[in-house]
>>> print(open('my_file-v5.cif').read())   # mmCIF, C-alpha atoms
data_final
loop_
_atom_site.label_atom_id
_atom_site.label_comp_id
_atom_site.auth_asym_id
_atom_site.auth_seq_id
_atom_site.Cartn_x
_atom_site.Cartn_y
_atom_site.Cartn_z
CA MET A 273 0.00 0.00 0.00
CA ARG A 274 2.84 2.36 0.91
CA SER A 275 4.62 1.54 -2.35
CA PHE A 276 1.44 2.30 -4.25
CA LEU A 277 1.06 5.62 -2.49
CA PHE A 278 4.69 6.51 -3.22
CA PHE A 279 4.13 5.68 -6.88
CA VAL A 280 1.01 7.84 -7.07
CA LEU A 281 2.75 10.76 -5.39
CA SER A 282 5.78 10.46 -7.71
CA CYS A 283 3.61 10.42 -10.83
CA CYS A 284 1.65 13.40 -9.67
CA SER A 285 4.83 15.33 -8.85
CA MET A 286 6.21 14.76 -12.35
CA ALA A 287 2.91 15.77 -13.92
CA CYS A 288 2.87 18.84 -11.76
CA PHE A 289 6.41 20.04 -12.51
CA SER A 290 5.77 19.83 -16.26
CA GLN A 291 3.04 22.46 -15.99
CA LYS A 292 3.05 26.20 -15.66
CA ASP A 293 3.93 27.65 -12.29
CA ASN A 294 0.60 28.22 -10.65
CA THR A 295 1.56 26.75 -7.27
CA LYS A 296 -0.01 27.76 -4.01
CA ASN A 297 1.05 26.91 -0.50
CA ALA A 298 -1.10 26.86 2.60
CA ILE A 299 -0.73 26.10 6.24
CA ALA A 300 -3.60 25.14 8.53
CA LEU A 301 -4.05 24.90 12.25
CA ARG A 302 -6.48 22.10 12.87
CA ALA A 303 -8.23 19.99 15.49
CA SER A 304 -8.95 16.40 14.62
CA VAL A 305 -10.38 13.21 15.96
CA ALA A 306 -9.02 9.76 15.18
CA LYS A 307 -9.58 6.29 16.53
CA THR A 308 -6.69 6.65 18.95
CA ASP A 309 -7.20 10.13 20.37
CA TYR A 310 -8.13 13.78 19.80
CA PHE A 311 -5.35 15.70 18.10
CA MET A 312 -4.19 19.28 17.55
CA GLY A 313 -1.70 20.12 14.88
CA PHE A 314 -0.65 21.63 11.59
CA GLU A 315 -1.26 20.71 8.00
CA PHE A 316 0.95 22.04 5.22
CA THR A 317 -0.46 21.94 1.68
CA HIS A 318 1.44 22.47 -1.53
CA GLY A 319 -0.97 22.98 -4.42
CA CYS A 320 0.24 22.47 -7.97
CA ALA A 321 -2.37 22.71 -10.73
CA LYS A 322 -5.17 20.49 -9.45
CA ASN A 323 -2.86 18.41 -7.26
CA LEU A 324 -2.56 18.87 -3.53
CA PHE A 325 0.46 17.50 -1.66
CA ILE A 326 -0.15 17.44 2.04
CA GLY A 327 2.06 17.06 5.10
CA GLN A 328 0.55 16.70 8.56
CA PHE A 329 1.83 16.84 12.09
CA ASP A 330 -0.48 16.44 15.07
CA VAL A 331 -0.14 15.82 18.77
CA GLY A 332 -2.70 13.89 20.79
CA TYR A 333 -3.94 15.71 23.84
CA SER A 334 -6.84 13.92 25.51
CA ARG A 335 -4.79 11.00 26.73
CA THR A 336 -1.35 12.45 26.34
CA VAL A 337 -0.31 16.04 26.99
CA LEU A 338 -2.56 16.27 30.03
CA GLN A 339 -1.06 13.00 31.20
CA GLY A 340 2.54 13.96 30.59
CA ARG A 341 2.90 11.90 27.42
CA PHE A 342 3.97 12.91 23.91
CA PHE A 343 1.76 11.36 21.23
CA PRO A 344 2.93 12.50 17.79
CA ARG A 345 1.12 11.66 14.57
CA VAL A 346 2.77 12.45 11.24
CA GLY A 347 1.27 11.90 7.85
CA ILE A 348 1.39 12.67 4.17
CA GLY A 349 -1.43 12.86 1.68
CA TYR A 350 -2.45 13.55 -1.85
CA GLY A 351 -5.60 15.24 -3.07
CA TYR A 352 -6.96 16.05 -6.49
CA VAL A 353 -9.11 19.17 -6.72
CA MET A 354 -12.29 18.11 -8.49
CA ILE A 355 -14.37 21.19 -7.77
CA ASN A 356 -12.49 24.45 -7.94
CA ARG A 357 -14.62 27.53 -7.27
CA PRO A 358 -13.20 30.90 -6.14
CA CYS A 359 -14.17 30.29 -2.54
CA PHE A 360 -14.69 26.54 -2.49
CA HIS A 361 -12.42 23.60 -3.19
CA PHE A 362 -13.39 19.96 -2.98
CA ALA A 363 -10.82 17.20 -3.35
CA PRO A 364 -10.83 13.44 -2.90
CA LEU A 365 -7.98 12.59 -0.59
CA ILE A 366 -5.66 9.70 0.21
CA THR A 367 -3.47 9.85 3.31
CA THR A 368 -1.09 7.67 5.23
CA SER A 369 0.05 8.43 8.74
CA PHE A 370 2.07 6.99 11.58
CA SER A 371 1.71 7.60 15.29
CA SER A 372 3.43 6.33 18.38
CA LEU A 373 2.55 6.40 22.08
CA SER A 374 4.44 5.10 25.08
CA THR A 375 1.93 4.05 27.75
CA VAL A 376 4.50 2.86 30.28
CA SER A 377 7.50 5.10 30.99
CA ASN A 378 10.64 3.66 29.41
CA GLY A 379 8.58 0.89 27.88
CA HIS A 380 8.02 -0.16 24.30
CA SER A 381 5.71 2.27 22.56
CA ASP A 382 2.48 1.30 20.85
CA ARG A 383 2.43 2.22 17.16
CA TRP A 384 -0.27 2.85 14.63
CA SER A 385 -0.29 3.05 10.87
CA GLU A 386 -3.34 4.46 9.09
CA THR A 387 -4.05 4.51 5.35
CA TYR A 388 -7.25 6.31 4.59
CA VAL A 389 -9.29 7.72 1.73
CA GLY A 390 -11.87 10.47 1.97
CA TYR A 391 -12.41 14.07 1.03
CA ARG A 392 -11.03 17.49 1.83
CA LEU A 393 -12.78 20.79 1.32
CA THR A 394 -11.90 24.41 1.88
CA LEU A 395 -14.22 27.40 2.22
CA GLY A 396 -12.64 30.79 1.67
CA LYS A 397 -9.71 32.39 -0.15
CA THR A 398 -6.55 33.53 1.62
CA TRP A 399 -8.03 32.67 4.97
CA SER A 400 -10.29 29.66 4.79
CA VAL A 401 -11.91 26.93 6.79
CA VAL A 402 -10.50 23.54 5.93
CA HIS A 403 -12.22 20.27 6.70
CA SER A 404 -11.47 16.65 5.89
CA VAL A 405 -12.91 13.22 6.61
CA THR A 406 -11.08 10.00 5.81
CA CYS A 407 -11.44 6.37 6.76
CA GLY A 408 -9.88 3.04 5.92
CA LEU A 409 -7.16 0.65 7.06
CA PHE A 410 -6.06 1.05 10.67
CA GLN A 411 -3.13 -1.04 11.86
CA GLU A 412 -2.13 -1.31 15.50
CA PHE A 413 1.25 -2.64 16.65
CA THR A 414 1.56 -3.38 20.35
CA TYR A 415 4.43 -4.93 22.24
CA ASN A 416 3.48 -8.39 23.42
CA THR A 417 5.15 -8.89 26.81
CA PHE A 418 4.54 -12.63 26.62
CA ARG A 419 6.11 -13.17 23.20
CA MET A 420 8.62 -10.33 23.71
CA LYS A 421 7.96 -8.86 20.28
CA TYR A 422 5.60 -6.53 18.47
CA SER A 423 2.40 -7.93 17.04
CA GLY A 424 0.07 -6.12 14.70
CA VAL A 425 -3.62 -6.23 14.01
CA SER A 426 -5.64 -4.52 11.28
CA SER A 427 -8.96 -2.86 11.79
CA PHE A 428 -11.19 -0.08 10.48
CA GLY A 429 -10.20 3.45 11.36
CA PHE A 430 -11.26 7.02 10.75
CA HIS A 431 -9.98 10.56 10.93
CA GLY A 432 -11.90 13.81 10.81
CA SER A 433 -10.51 17.30 11.07
CA ILE A 434 -11.49 20.94 10.94
CA GLY A 435 -9.21 23.93 10.98
CA VAL A 436 -8.28 27.39 9.77
CA GLN A 437 -5.98 27.72 6.77
CA TYR A 438 -3.83 30.54 5.47
CA ALA A 439 -2.79 30.38 1.81
CA TRP A 440 -0.10 32.34 -0.03
CA MET B 75 12.29 44.06 13.61
CA VAL B 76 9.80 46.15 15.53
CA PHE B 77 7.07 43.78 14.43
CA THR B 78 9.07 40.77 15.66
CA VAL B 79 9.67 42.33 19.06
CA GLN B 80 6.01 43.27 19.33
CA LEU B 81 4.96 39.75 18.33
CA ALA B 82 7.24 38.21 20.96
CA TYR B 83 5.86 40.65 23.54
CA ASN B 84 2.27 39.72 22.64
CA MET B 85 3.06 36.00 22.85
CA ARG B 86 4.41 36.25 26.40
CA GLY B 87 1.10 35.08 27.84
CA SER B 88 0.96 32.05 25.55
CA LEU B 89 4.53 31.06 26.40
CA VAL B 90 3.88 31.31 30.14
CA LEU B 91 0.70 29.25 29.67
CA LEU B 92 2.61 26.57 27.75
CA LEU B 93 5.29 26.42 30.44
CA LEU B 94 2.65 26.12 33.16
CA LEU B 95 0.94 23.39 31.18
CA GLY B 96 4.24 21.55 30.81
CA PHE B 97 4.99 21.68 34.52
CA GLY B 98 1.38 20.87 35.34
CA CYS B 99 1.68 17.65 33.38
CA SER B 100 4.24 16.13 35.71
CA LYS B 101 2.48 13.72 38.01
CA SER B 102 3.33 14.00 41.67
CA LYS B 103 1.26 11.14 43.09
CA SER B 104 2.14 7.50 42.66
CA TYR B 105 -0.57 4.91 42.15
CA GLU B 106 1.81 1.96 42.18
CA LYS B 107 -0.46 -0.15 44.42
CA VAL B 108 -3.55 0.24 42.23
CA ARG B 109 -3.86 -2.70 39.85
CA ILE B 110 -5.23 -2.13 36.35
CA TYR B 111 -7.57 -4.63 34.70
CA GLY B 112 -9.21 -4.61 31.30
CA HIS B 113 -12.99 -4.50 31.82
CA ALA B 114 -14.57 -7.15 29.56
CA ALA B 115 -11.01 -7.45 28.23
CA THR B 116 -10.61 -4.44 25.92
CA GLY B 117 -13.53 -2.48 27.38
CA LEU B 118 -17.20 -2.07 26.59
CA GLU B 119 -18.15 0.24 23.71
CA ASN B 120 -14.53 1.26 23.30
CA VAL B 121 -14.22 2.79 19.83
CA ALA B 122 -10.42 2.56 19.96
CA SER B 123 -10.47 -1.20 20.51
CA VAL B 124 -9.44 -3.42 17.63
CA TYR B 125 -11.18 -6.50 19.06
CA HIS B 126 -14.66 -7.18 20.38
CA ASP B 127 -15.01 -7.39 24.16
CA ASN B 128 -14.89 -10.80 25.87
CA THR B 129 -13.06 -12.56 23.04
CA ILE B 130 -9.89 -14.63 23.28
CA GLU B 131 -8.11 -12.18 20.98
CA ALA B 132 -9.03 -9.28 23.27
CA VAL B 133 -8.07 -11.20 26.43
CA ASN B 134 -4.66 -12.14 25.00
CA LEU B 135 -4.06 -8.57 23.87
CA VAL B 136 -4.86 -7.16 27.32
CA LEU B 137 -2.82 -9.77 29.20
CA SER B 138 0.20 -9.14 26.96
CA MET B 139 0.09 -5.34 27.29
CA GLN B 140 2.75 -3.57 29.31
CA GLY B 141 1.30 -2.29 32.57
CA SER B 142 -1.79 -4.49 32.60
CA ASP B 143 -2.33 -6.46 35.82
CA GLY B 144 -5.12 -8.70 34.65
CA VAL B 145 -8.40 -9.02 32.89
CA GLU B 146 -12.10 -9.16 33.79
CA VAL B 147 -14.48 -11.23 31.65
CA ASP B 148 -18.22 -11.92 31.72
CA VAL B 149 -19.12 -15.58 32.11
CA HIS B 150 -22.34 -17.46 31.32
CA LEU B 151 -23.18 -21.13 31.99
CA SER B 152 -24.46 -22.95 28.89
CA ALA B 153 -27.26 -25.53 28.86
CA ASP B 154 -24.74 -28.39 28.94
CA GLY B 155 -22.71 -26.93 31.82
CA ASP B 156 -19.79 -25.26 30.08
CA LEU B 157 -18.70 -21.66 30.71
CA TRP B 158 -18.68 -19.10 27.88
CA LEU B 159 -17.52 -15.51 27.61
CA TYR B 160 -20.25 -13.04 26.69
CA HIS B 161 -21.46 -9.72 28.06
CA ASP B 162 -25.08 -9.18 27.06
CA THR B 163 -28.12 -11.26 27.95
CA HIS B 164 -29.31 -12.00 24.42
CA LEU B 165 -26.98 -13.38 21.78
CA GLU B 166 -28.74 -11.66 18.87
CA SER B 167 -27.54 -8.24 20.06
CA GLU B 168 -23.91 -9.03 19.18
CA THR B 169 -23.66 -12.34 17.33
CA ASN B 170 -25.12 -14.53 14.59
CA LEU B 171 -27.00 -16.63 17.19
CA THR B 172 -30.28 -16.00 19.02
CA GLY B 173 -31.44 -16.66 22.57
CA CYS B 174 -29.66 -16.77 25.91
CA ILE B 175 -26.54 -18.83 26.61
CA PRO B 176 -28.07 -20.78 29.55
CA GLU B 177 -30.61 -22.35 27.16
CA ILE B 178 -28.15 -23.15 24.37
CA SER B 179 -25.74 -26.07 24.10
CA SER B 180 -22.01 -25.78 23.50
CA GLU B 181 -22.44 -27.49 20.11
CA VAL B 182 -24.44 -24.47 18.94
CA LEU B 183 -22.38 -21.87 20.79
CA LYS B 184 -19.14 -22.95 19.18
CA THR B 185 -20.60 -21.88 15.81
CA GLY B 186 -21.28 -18.40 17.17
CA LYS B 187 -19.42 -15.37 15.84
CA TYR B 188 -19.57 -11.70 16.74
CA SER B 189 -20.95 -9.29 14.14
CA SER B 190 -17.71 -7.29 14.27
CA LEU B 191 -15.03 -6.59 11.68
CA HIS B 192 -12.90 -9.55 12.74
CA GLN B 193 -15.94 -11.79 13.38
CA GLU B 194 -14.30 -13.27 16.48
CA LYS B 195 -15.68 -16.54 17.81
CA ILE B 196 -17.69 -16.69 21.00
CA ALA B 197 -15.09 -18.15 23.35
CA ARG B 198 -15.11 -20.76 26.08
CA LEU B 199 -13.64 -19.63 29.39
CA SER B 200 -11.30 -22.64 29.26
CA GLU B 201 -9.77 -21.28 26.03
CA ILE B 202 -7.96 -18.51 27.93
CA ASP B 203 -4.27 -19.37 27.71
CA THR B 204 -2.93 -19.74 31.27
CA ASN B 205 0.56 -18.88 29.99
CA TYR B 206 -0.70 -15.33 29.39
CA LEU B 207 -2.14 -15.27 32.93
CA GLN B 208 1.16 -15.85 34.72
CA GLY B 209 1.68 -13.18 37.38
CA LYS B 210 -1.73 -11.67 36.64
CA GLU B 211 -5.29 -11.87 37.93
CA LEU B 212 -8.39 -13.16 36.19
CA ILE B 213 -11.69 -11.72 37.40
CA LEU B 214 -14.77 -13.70 36.41
CA ASP B 215 -18.06 -11.79 36.40
CA LEU B 216 -20.49 -14.69 36.79
CA ARG B 217 -23.99 -14.20 35.39
CA HIS B 218 -26.56 -15.71 37.73
CA TYR B 219 -29.86 -15.20 35.91
CA ASN B 220 -31.33 -16.72 32.76
CA GLU B 221 -33.62 -14.02 31.39
CA CYS B 222 -34.93 -16.19 28.56
CA LEU B 223 -36.22 -18.85 30.96
CA GLY B 224 -36.79 -16.48 33.90
CA GLU B 225 -34.83 -18.57 36.39
CA PHE B 226 -31.60 -18.52 38.36
CA VAL B 227 -28.58 -20.44 37.15
CA ASN B 228 -27.39 -23.40 39.22
CA VAL B 229 -24.35 -22.20 41.16
CA ASP B 230 -23.08 -25.74 41.82
CA HIS B 231 -22.72 -26.37 38.10
CA ILE B 232 -20.59 -23.24 37.76
CA ILE B 233 -18.38 -24.20 40.70
CA ASP B 234 -17.93 -27.73 39.29
CA ARG B 235 -16.88 -26.37 35.91
CA LEU B 236 -14.46 -23.83 37.41
CA VAL B 237 -12.86 -26.65 39.42
CA ASP B 238 -12.67 -28.79 36.25
CA ILE B 239 -10.87 -25.99 34.39
CA GLY B 240 -8.36 -25.85 37.25
CA TYR B 241 -9.01 -22.37 38.56
CA LEU B 242 -9.22 -23.56 42.20
CA SER B 243 -5.63 -24.78 42.06
CA ALA B 244 -4.36 -22.06 39.71
CA LYS B 245 -0.56 -21.78 39.73
CA GLY B 246 1.19 -18.51 38.97
CA TYR B 247 -2.00 -16.50 38.69
CA THR B 248 -5.08 -15.68 40.78
CA VAL B 249 -8.74 -16.15 39.94
CA LEU B 250 -11.31 -13.87 41.55
CA VAL B 251 -14.98 -14.78 41.32
CA ASN B 252 -17.25 -11.75 41.07
CA VAL B 253 -20.90 -12.40 41.97
CA SER B 254 -23.87 -10.05 42.05
CA ARG B 255 -26.21 -12.45 43.85
CA LYS B 256 -25.54 -12.45 47.60
CA GLU B 257 -26.70 -16.05 47.97
CA TRP B 258 -23.78 -17.12 45.78
CA VAL B 259 -21.07 -15.74 48.06
CA LYS B 260 -21.23 -18.54 50.61
CA PRO B 261 -20.97 -21.50 48.18
CA PHE B 262 -17.96 -19.94 46.47
CA ILE B 263 -16.21 -19.20 49.77
CA GLU B 264 -16.90 -22.75 50.93
CA ALA B 265 -15.54 -24.13 47.66
CA GLY B 266 -12.29 -22.23 48.30
CA PHE B 267 -12.60 -19.42 45.74
CA HIS B 268 -11.75 -15.75 46.23
CA ALA B 269 -15.31 -14.38 46.19
CA VAL B 270 -15.88 -10.73 45.32
CA LEU B 271 -19.37 -9.24 45.70
CA SER B 272 -20.81 -6.42 43.59
CA ILE B 273 -22.33 -3.80 45.90
CA TYR B 274 -23.88 -0.36 45.36
CA SER B 275 -23.71 1.20 48.83
CA MET B 276 -21.84 1.06 52.12
CA ALA B 277 -24.98 -0.33 53.75
CA GLU B 278 -24.58 -3.42 51.55
CA PHE B 279 -20.93 -3.62 52.59
CA THR B 280 -21.86 -3.53 56.28
CA TYR B 281 -24.47 -6.24 55.74
CA ALA B 282 -22.13 -8.45 53.70
CA GLU B 283 -19.37 -8.13 56.28
CA SER B 284 -21.69 -9.37 59.00
CA VAL B 285 -22.94 -12.34 56.96
CA TYR B 286 -19.87 -13.34 54.88
CA PRO B 287 -16.75 -12.62 56.94
CA GLY B 288 -14.66 -14.80 54.60
CA ILE B 289 -15.35 -12.66 51.55
CA TYR B 290 -12.26 -11.57 49.58
CA GLY B 291 -13.46 -8.17 48.45
CA TYR B 292 -16.03 -5.96 46.77
CA ILE B 293 -16.67 -4.33 43.42
CA MET B 294 -18.34 -0.92 43.22
CA LYS B 295 -19.20 1.62 40.54
CA ASN B 296 -16.84 4.60 40.35
CA SER B 297 -19.77 6.98 40.93
CA ASP B 298 -21.01 5.04 43.98
CA VAL B 299 -17.82 5.10 46.02
CA THR B 300 -15.75 7.79 47.73
CA ALA B 301 -12.15 7.76 48.91
CA GLU B 302 -13.44 7.42 52.50
CA ASN B 303 -15.52 4.38 51.50
CA VAL B 304 -12.45 2.78 49.92
CA LYS B 305 -10.42 3.38 53.06
CA ALA B 306 -13.15 1.92 55.28
CA ILE B 307 -13.39 -1.23 53.16
CA GLN B 308 -9.61 -1.66 53.03
CA GLN B 309 -9.37 -1.17 56.81
CA SER B 310 -11.66 -4.16 57.21
CA GLY B 311 -9.00 -6.21 55.43
CA LYS B 312 -10.98 -6.55 52.19
CA LYS B 313 -10.08 -5.57 48.63
CA LEU B 314 -12.05 -3.03 46.65
CA PHE B 315 -12.25 -2.87 42.87
CA ILE B 316 -13.83 0.00 40.94
CA PHE B 317 -15.58 -0.31 37.59
CA GLU B 318 -17.23 2.09 35.11
CA VAL B 319 -13.97 3.85 34.43
CA ARG B 320 -13.77 5.12 30.84
CA SER B 321 -12.43 8.64 30.25
CA PRO B 322 -9.11 10.07 31.46
CA LYS B 323 -11.03 12.20 33.96
CA MET B 324 -12.88 9.20 35.40
CA THR B 325 -9.62 7.27 35.54
CA ARG B 326 -7.93 10.05 37.51
CA GLU B 327 -10.90 10.21 39.89
CA ALA B 328 -10.78 6.45 40.42
CA LEU B 329 -7.00 6.42 40.98
CA ARG B 330 -7.23 9.20 43.57
CA LYS B 331 -9.56 7.00 45.61
CA ALA B 332 -6.68 4.47 45.83
CA PRO B 333 -8.67 1.24 45.43
CA ASP B 334 -6.97 -2.15 45.06
CA GLY B 335 -7.90 -2.32 41.41
CA ILE B 336 -9.57 -0.50 38.55
CA LEU B 337 -11.58 -2.27 35.85
CA SER B 338 -10.98 0.09 32.96
CA ASP B 339 -12.88 0.31 29.68
CA ASP B 340 -9.92 2.15 28.18
CA LEU B 341 -6.88 0.24 29.33
CA ARG B 342 -4.29 2.44 27.61
CA THR B 343 -5.63 5.54 29.32
CA ALA B 344 -5.62 3.79 32.69
CA ILE B 345 -2.05 2.55 32.26
CA ILE B 346 -0.85 6.02 31.21
CA GLU B 347 -2.59 7.60 34.18
CA LYS B 348 -1.11 5.06 36.61
CA TYR B 349 2.45 5.36 35.37
#
>>> encode(input="my_file-v5.cif", output="structure tokens")
Amino acid sequence: MRSFLFFVLSCCSMACFSQKDNTKNAIALRASVAKTDYFMGFEFTHGCAKNLFIGQFDVGYSRTVLQGRFFPRVGIGYGYVMINRPCFHFAPLITTSFSSLSTVSNGHSDRWSETYVGYRLTLGKTWSVVHSVTCGLFQEFTYNTFRMKYSGVSSFGFHGSIGVQYAW
Amino acid sequence: MVFTVQLAYNMRGSLVLLLLLGFGCSKSKSYEKVRIYGHAATGLENVASVYHDNTIEAVNLVLSMQGSDGVEVDVHLSADGDLWLYHDTHLESETNLTGCIPEISSEVLKTGKYSSLHQEKIARLSEIDTNYLQGKELILDLRHYNECLGEFVNVDHIIDRLVDIGYLSAKGYTVLVNVSRKEWVKPFIEAGFHAVLSIYSMAEFTYAESVYPGIYGYIMKNSDVTAENVKAIQQSGKKLFIFEVRSPKMTREALRKAPDGILSDDLRTAIIEKY
């Protein structure tokens, strides 16, 4: 799945660089909810023609910051702008992200990998509201103290976010 | 330059707030003595759980997690006298079967699957791997009433089956028998089990202490018990376990009461809070 995503992103990058320079960057502050926690973080978007290349960094807070734990979640994504109005963008979206949380101090951390598809929309111009909903494959890797190794299990997961974006 | 200085000046409040938040996060109190159990294994209605509650997969996951001290499961007696893990009364609410476990044979039950993503099998209690239990505690929430037939379950059949499985002579782990029906406390104590009674008030505790002095401990809802109640029960030499612990806030409240154990519906949160 990761190889496929890498391939898609590479193809889109090449297609993008062969076009005229009409790029647009944006950064968003967002709040999101996932299967593992509530998150706060940033999303950086590089728009090139109708392609959106997205980088995400979030930190879980419900079960983490308030509990003295650091729960980072990093991800990348690709979107294709299907509806492009002056104040409204709608794009199907594919994302993959990784997160890690240590429940026991100095212990082995639990890890999650999420590969989702969904949509992303923005309302506004320079300053806009950005919202996305994705769902799909959720993989959890926990350290098995009996077998002394990590074991993984796949499940269904989701991610929804809303935030404020500044574009330039 | 002026703008930068002004921005830094304006952000002073935010920086101080962040620093305070950072220092506020450091935990000063230790809850080392409070044991953490997975309620119904991975918790009831836990959206973050990858497995259905009361399944072998969920039990193994909980028992193998760092920081977990044991697991609590819900146990029903089938029509042919075997013990099965299941939470609800009616099978149709969660599985491909219909009816109540006490009126169904094991032949039928072993074909049962949960209507979840992984479609886990309905599991026999005896399927729990005792290797995973080493150094941990297994709490059995025994269901005493058959709602489909409107009658009480025979306690002697349950005791016989628990003895058959080997839980009376368990080596390397402890089995606690949680009962809600007071009349069941005595037979379990007499059979040699660690009997734990579900109670809802201190009046029930006082009554149970006078009637069943050999009882091992009690289980109470988080909202029904105070720190003073916990202390009073522990001073009588009995253990107290708290259930209905889901959110981080509820977990913190429960830990501050310093019970002997917490049956958490969100095990990760409970482990983080404890450590």
>>> residues_around(input="my_file-v5.cif", residues="Lys421 in chain A", least_positions_apart="6", cutoff="12 Å", atoms="all atoms listed in the file", output="number ranges by chain")
A: 380-382, 413-415; B: 138-140
>>> residues_around(input="my_file-v5.cif", residues="Trp440 in chain A", least_positions_apart="6", cutoff="9 Å", atoms="all atoms listed in the file", output="list of chain:residue names")
A:Lys296, A:Asn297, A:Ala298, A:Ile299, A:Thr398
>>> residues_around(input="my_file-v5.cif", residues="range 254-267 of chain B", least_positions_apart="3", cutoff="7 Å", atoms="only C-alpha atoms", output="list of chain:residue names")
B:His218, B:Val229, B:Leu242, B:Val251, B:Leu271, B:Ser272, B:Tyr286, B:Gly288, B:Ile289
>>> atom_distance(input="my_file-v5.cif", atom1="CA of Asp309 in chain A", atom2="CA of Tyr160 in chain B")
27.3 Å
>>> resolve_selection(input="my_file-v5.cif", expression="the PyMOL selection byres ((chain A) within 10 of (chain B))", output="ChimeraX atom specification")
/A:306-309,334-341,373-377,379-382,410-412,414-420,423,425-429
>>> closest_residue(input="my_file-v5.cif", among="A:Gly435, A:Gly319, A:Gly313, A:Gly424", to="Val401 in chain A", atoms="all atoms listed in the file")
A:Gly435
>>> resolve_selection(input="my_file-v5.cif", expression="the PyMOL selection byres ((chain B and resi 162) around 12)", output="NGL selection string")
:B and (114 or 118 or 127-128 or 147-150 or 158-161 or 163-169 or 172-175 or 188 or 215 or 217 or 219-221)
>>> write_last_selection(input="my_file-v5.cif", atoms="C-alpha atoms", output="mmCIF file, in the coordinates of the input")
data_model
loop_
_atom_site.group_PDB
_atom_site.id
_atom_site.type_symbol
_atom_site.label_atom_id
_atom_site.label_comp_id
_atom_site.auth_asym_id
_atom_site.auth_seq_id
_atom_site.Cartn_x
_atom_site.Cartn_y
_atom_site.Cartn_z
ATOM 1 C CA ALA B 114 -14.570 -7.150 29.560
ATOM 2 C CA LEU B 118 -17.200 -2.070 26.590
ATOM 3 C CA ASP B 127 -15.010 -7.390 24.160
ATOM 4 C CA ASN B 128 -14.890 -10.800 25.870
ATOM 5 C CA VAL B 147 -14.480 -11.230 31.650
ATOM 6 C CA ASP B 148 -18.220 -11.920 31.720
ATOM 7 C CA VAL B 149 -19.120 -15.580 32.110
ATOM 8 C CA HIS B 150 -22.340 -17.460 31.320
ATOM 9 C CA TRP B 158 -18.680 -19.100 27.880
ATOM 10 C CA LEU B 159 -17.520 -15.510 27.610
ATOM 11 C CA TYR B 160 -20.250 -13.040 26.690
ATOM 12 C CA HIS B 161 -21.460 -9.720 28.060
ATOM 13 C CA THR B 163 -28.120 -11.260 27.950
ATOM 14 C CA HIS B 164 -29.310 -12.000 24.420
ATOM 15 C CA LEU B 165 -26.980 -13.380 21.780
ATOM 16 C CA GLU B 166 -28.740 -11.660 18.870
ATOM 17 C CA SER B 167 -27.540 -8.240 20.060
ATOM 18 C CA GLU B 168 -23.910 -9.030 19.180
ATOM 19 C CA THR B 169 -23.660 -12.340 17.330
ATOM 20 C CA THR B 172 -30.280 -16.000 19.020
ATOM 21 C CA GLY B 173 -31.440 -16.660 22.570
ATOM 22 C CA CYS B 174 -29.660 -16.770 25.910
ATOM 23 C CA ILE B 175 -26.540 -18.830 26.610
ATOM 24 C CA TYR B 188 -19.570 -11.700 16.740
ATOM 25 C CA ASP B 215 -18.060 -11.790 36.400
ATOM 26 C CA ARG B 217 -23.990 -14.200 35.390
ATOM 27 C CA TYR B 219 -29.860 -15.200 35.910
ATOM 28 C CA ASN B 220 -31.330 -16.720 32.760
ATOM 29 C CA GLU B 221 -33.620 -14.020 31.390
#
>>> atom_distance(input="my_file-v5.cif", atom1="CA of Ile196 in chain B", atom2="CA of Glu177 in chain B")
15.4 Å
>>> atom_distance(input="my_file-v5.cif", atom1="CA of Arg330 in chain B", atom2="CA of Glu318 in chain B")
14.9 Å
>>> axis_aligned_box(input="my_file-v5.cif", around="range 392-396 of chain A", padding_each_side="3 Å", output="lines of an AutoDock Vina configuration file")
center_x = -12.6
center_y = 24.1
center_z = 1.8
size_x = 9.2
size_y = 19.3
size_z = 6.9
>>> resolve_selection(input="my_file-v5.cif", expression="the PyMOL selection byres ((chain A and resi 344-355) around 8)", output="PyMOL selection string")
chain A and resi 281+322-332+342-343+356-357+360-373+392
>>> closest_residue(input="my_file-v5.cif", among="A:Ile434, A:Cys320, A:Ala439, A:Leu409", to="Leu301 in chain A", atoms="only C-alpha atoms")
A:Ile434
>>> closest_residue(input="my_file-v5.cif", among="B:Ile110, B:Leu236, B:Met276, B:Leu214", to="Asn252 in chain B", atoms="all atoms listed in the file")
B:Leu214
>>> residues_around(input="my_file-v5.cif", residues="Asn296 in chain B", least_positions_apart="6", cutoff="9 Å", atoms="only C-alpha atoms", output="ChimeraX atom specification")
/B:316-319,324,327-328
>>> write_last_selection(input="my_file-v5.cif", atoms="C-alpha atoms", output="PDB file, keeping the file's coordinate frame")
ATOM      1  CA  ILE B 316     -13.830   0.000  40.940  1.00  0.00           C
ATOM      2  CA  PHE B 317     -15.580  -0.310  37.590  1.00  0.00           C
ATOM      3  CA  GLU B 318     -17.230   2.090  35.110  1.00  0.00           C
ATOM      4  CA  VAL B 319     -13.970   3.850  34.430  1.00  0.00           C
ATOM      5  CA  MET B 324     -12.880   9.200  35.400  1.00  0.00           C
ATOM      6  CA  GLU B 327     -10.900  10.210  39.890  1.00  0.00           C
ATOM      7  CA  ALA B 328     -10.780   6.450  40.420  1.00  0.00           C
TER       8      ALA B 328
END
>>> closest_residue(input="my_file-v5.cif", among="B:Glu106, B:Glu119, B:Glu211, B:Asp298", to="Asp340 in chain B", atoms="only C-alpha atoms")
B:Glu119
>>> closest_residue(input="my_file-v5.cif", among="B:Gly117, B:Pro333, B:Gly112, B:Gly246", to="Lys210 in chain B", atoms="only C-alpha atoms")
B:Gly246
